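Quick notes on the structure that follows.
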Amino acid sequence: MIITTSRRPSTRSRRICKELHDVIPLSCYIVRGKKGMRELIQSSVEKGADRILLVHAAGDTCTLLFYEEWNLLGSMKCSAVLRRELGMGRIRPIQEDLPFVLLTSDPGAGNIAGLFGAEFRGSDCELHGDPTAYLHYHQDVLDFYRLDISDGPVGPRIIVREINYEGYSGNN
């Protein structure tokens, strides 16, 4: 996944991008600058990424836009609580290809798994040590976990307000 900001990013947008880069396996943070969608798609092809995540933050709210090539997969309107606001330090990004899993008891959270490209599992599933990075969704709060670092959430915390899922998945 390529993670980048909107065209005119705020400091908070950049910070959210960096923190998401640290918890999503094989993601790549790109400073957008004046790059248009064509250049971002070209970068995603060069890096072997299947998705692009654009982050736009204004004040306490942010919008996450998820693309698969030219197609909008969907968007998420939310608030993000940054790692430093949670009292956590910086962590190193995941550079290996690991399973990325969404654990939840909310049956409607499949859209979140679709946006992030994560495997959807119920919260009663045991992890059996396979994914070291996973998402947990409960009562509109999305937490990121890295079991190689901690048993608890490692941030950022995303409070979901609205999800629009288009669900594009190729030319089927």
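Identifiers in the structure tokens: chain A, B, ... in order shown; residue index from 1 per chain; ligand index from 1 in order shown.
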
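Assigned to helix (DSSP H, G or I) in region 75-146 of chain A, given DSSP computed from backbone atoms, are Arg84, Glu85, Leu86, Pro107, Gly108, Ala109, Gly110, Asn111, Ile112, Ala113, Gly114, Leu115 and Phe116 of chain A.
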
Item to complete: Find the residues around Trp70 (chain A) up to 9 Å (only C-alpha atoms counted), leave out those fewer than 4 positions away in its own chain, and share them as a VMD selection string.
Response: chain A and resid 37 to 38 41

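Distance check against Ile163 (chain A) using only C-alpha atoms: of A:Phe66, A:Phe120, A:Tyr29, A:Tyr134, the minimum falls on A:Phe66.
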
Worksheet item: Quick one: of A:Ala57, A:Leu142, A:Ile2, A:Leu98, who's nearest to Gln42 (chain A), counting only C-alpha atoms?
Response: A:Ile2

Worksheet item: Excluding same-chain residues fewer than 4 positions from Gly110 (chain A), what lies within 12 Å of it counting only C-alpha atoms, as a list in words?
Response: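 So, after excluding close chain neighbours, the residues are Val101, Leu102, Leu103, Thr104, Ser105, Asp106, Gly114, Leu115, Phe116, Gly117, Ala118, Glu119, Phe120, Arg121, Gly122, Leu135, His136, Tyr137, Ile163, Asn164, Tyr165 and Gly167 of chain A.
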
Practice prompt. Could you give me, as a ChimeraX atom specification, the residues within 9 Å of region 74-78 of chain A, counting only C-alpha atoms and dropping anything in the same chain fewer than 4 positions from it?
Written response: /A:60-67,111-112,115,158-168

For the residues selected in the previous step, produce a file with N, CA and C atoms as a PDB file, in the first residue's frame.
```pdb
ATOM      1  N   ASP A  60      -9.399  18.241  13.808  1.00  0.00           N
ATOM      2  CA  ASP A  60      -9.495  16.939  14.464  1.00  0.00           C
ATOM      3  C   ASP A  60     -10.058  15.849  13.560  1.00  0.00           C
ATOM      4  N   THR A  61     -10.593  16.209  12.408  1.00  0.00           N
ATOM      5  CA  THR A  61     -11.178  15.206  11.535  1.00  0.00           C
ATOM      6  C   THR A  61     -10.252  14.913  10.363  1.00  0.00           C
ATOM      7  N   CYS A  62     -10.364  13.701   9.847  1.00  0.00           N
ATOM      8  CA  CYS A  62      -9.595  13.367   8.658  1.00  0.00           C
ATOM      9  C   CYS A  62     -10.430  12.457   7.763  1.00  0.00           C
ATOM     10  N   THR A  63     -10.044  12.442   6.521  1.00  0.00           N
ATOM     11  CA  THR A  63     -10.671  11.571   5.535  1.00  0.00           C
ATOM     12  C   THR A  63      -9.582  10.705   4.935  1.00  0.00           C
ATOM     13  N   LEU A  64      -9.820   9.413   4.919  1.00  0.00           N
ATOM     14  CA  LEU A  64      -8.909   8.464   4.297  1.00  0.00           C
ATOM     15  C   LEU A  64      -9.562   7.996   3.004  1.00  0.00           C
ATOM     16  N   LEU A  65      -8.880   8.200   1.889  1.00  0.00           N
ATOM     17  CA  LEU A  65      -9.383   7.772   0.584  1.00  0.00           C
ATOM     18  C   LEU A  65      -8.540   6.604   0.102  1.00  0.00           C
ATOM     19  N   PHE A  66      -9.188   5.493  -0.246  1.00  0.00           N
ATOM     20  CA  PHE A  66      -8.505   4.278  -0.661  1.00  0.00           C
ATOM     21  C   PHE A  66      -8.737   4.059  -2.153  1.00  0.00           C
ATOM     22  N   TYR A  67      -7.647   3.882  -2.905  1.00  0.00           N
ATOM     23  CA  TYR A  67      -7.719   3.654  -4.346  1.00  0.00           C
ATOM     24  C   TYR A  67      -7.052   2.334  -4.705  1.00  0.00           C
ATOM     25  N   ASN A 111     -16.168  -4.095   5.413  1.00  0.00           N
ATOM     26  CA  ASN A 111     -15.788  -2.966   4.560  1.00  0.00           C
ATOM     27  C   ASN A 111     -14.437  -2.388   4.973  1.00  0.00           C
ATOM     28  N   ILE A 112     -14.173  -2.344   6.264  1.00  0.00           N
ATOM     29  CA  ILE A 112     -12.890  -1.842   6.747  1.00  0.00           C
ATOM     30  C   ILE A 112     -11.770  -2.776   6.287  1.00  0.00           C
ATOM     31  N   LEU A 115     -11.096  -2.113   2.640  1.00  0.00           N
ATOM     32  CA  LEU A 115     -10.356  -0.880   2.382  1.00  0.00           C
ATOM     33  C   LEU A 115      -8.862  -1.054   2.661  1.00  0.00           C
ATOM     34  N   ILE A 158      -7.969   5.078  15.457  1.00  0.00           N
ATOM     35  CA  ILE A 158      -8.869   5.752  14.514  1.00  0.00           C
ATOM     36  C   ILE A 158     -10.297   5.577  15.001  1.00  0.00           C
ATOM     37  N   ILE A 159     -10.975   6.708  15.196  1.00  0.00           N
ATOM     38  CA  ILE A 159     -12.383   6.688  15.576  1.00  0.00           C
ATOM     39  C   ILE A 159     -13.183   6.908  14.299  1.00  0.00           C
ATOM     40  N   VAL A 160     -13.866   5.873  13.871  1.00  0.00           N
ATOM     41  CA  VAL A 160     -14.566   5.874  12.589  1.00  0.00           C
ATOM     42  C   VAL A 160     -15.909   6.570  12.730  1.00  0.00           C
ATOM     43  N   ARG A 161     -16.165   7.514  11.837  1.00  0.00           N
ATOM     44  CA  ARG A 161     -17.446   8.226  11.832  1.00  0.00           C
ATOM     45  C   ARG A 161     -18.348   7.779  10.683  1.00  0.00           C
ATOM     46  N   GLU A 162     -17.733   7.508   9.548  1.00  0.00           N
ATOM     47  CA  GLU A 162     -18.523   7.119   8.374  1.00  0.00           C
ATOM     48  C   GLU A 162     -17.635   6.345   7.412  1.00  0.00           C
ATOM     49  N   ILE A 163     -18.195   5.283   6.811  1.00  0.00           N
ATOM     50  CA  ILE A 163     -17.467   4.489   5.825  1.00  0.00           C
ATOM     51  C   ILE A 163     -18.300   4.429   4.559  1.00  0.00           C
ATOM     52  N   ASN A 164     -17.665   4.726   3.448  1.00  0.00           N
ATOM     53  CA  ASN A 164     -18.265   4.545   2.126  1.00  0.00           C
ATOM     54  C   ASN A 164     -17.401   3.558   1.383  1.00  0.00           C
ATOM     55  N   TYR A 165     -17.957   2.417   1.062  1.00  0.00           N
ATOM     56  CA  TYR A 165     -17.178   1.360   0.418  1.00  0.00           C
ATOM     57  C   TYR A 165     -17.744   1.071  -0.950  1.00  0.00           C
ATOM     58  N   GLU A 166     -16.908   1.300  -1.967  1.00  0.00           N
ATOM     59  CA  GLU A 166     -17.310   1.024  -3.352  1.00  0.00           C
ATOM     60  C   GLU A 166     -17.046  -0.431  -3.692  1.00  0.00           C
ATOM     61  N   GLY A 167     -15.937  -0.966  -3.153  1.00  0.00           N
ATOM     62  CA  GLY A 167     -15.622  -2.381  -3.293  1.00  0.00           C
ATOM     63  C   GLY A 167     -15.129  -2.828  -4.643  1.00  0.00           C
ATOM     64  N   TYR A 168     -14.478  -1.986  -5.399  1.00  0.00           N
ATOM     65  CA  TYR A 168     -13.933  -2.396  -6.689  1.00  0.00           C
ATOM     66  C   TYR A 168     -12.879  -3.474  -6.472  1.00  0.00           C
TER      67      TYR A 168
END
```

Discussion item. Could you go through chain A and tell me which residues DSSP, when run on the backbone, assigns to strand (DSSP E or B), listing them as an MDAnalysis selection string?
Written reply: chainID A and resid 2:5 28:29 52:58 61:68 71:81 100:104 119:122 133:138 141:146 153:165
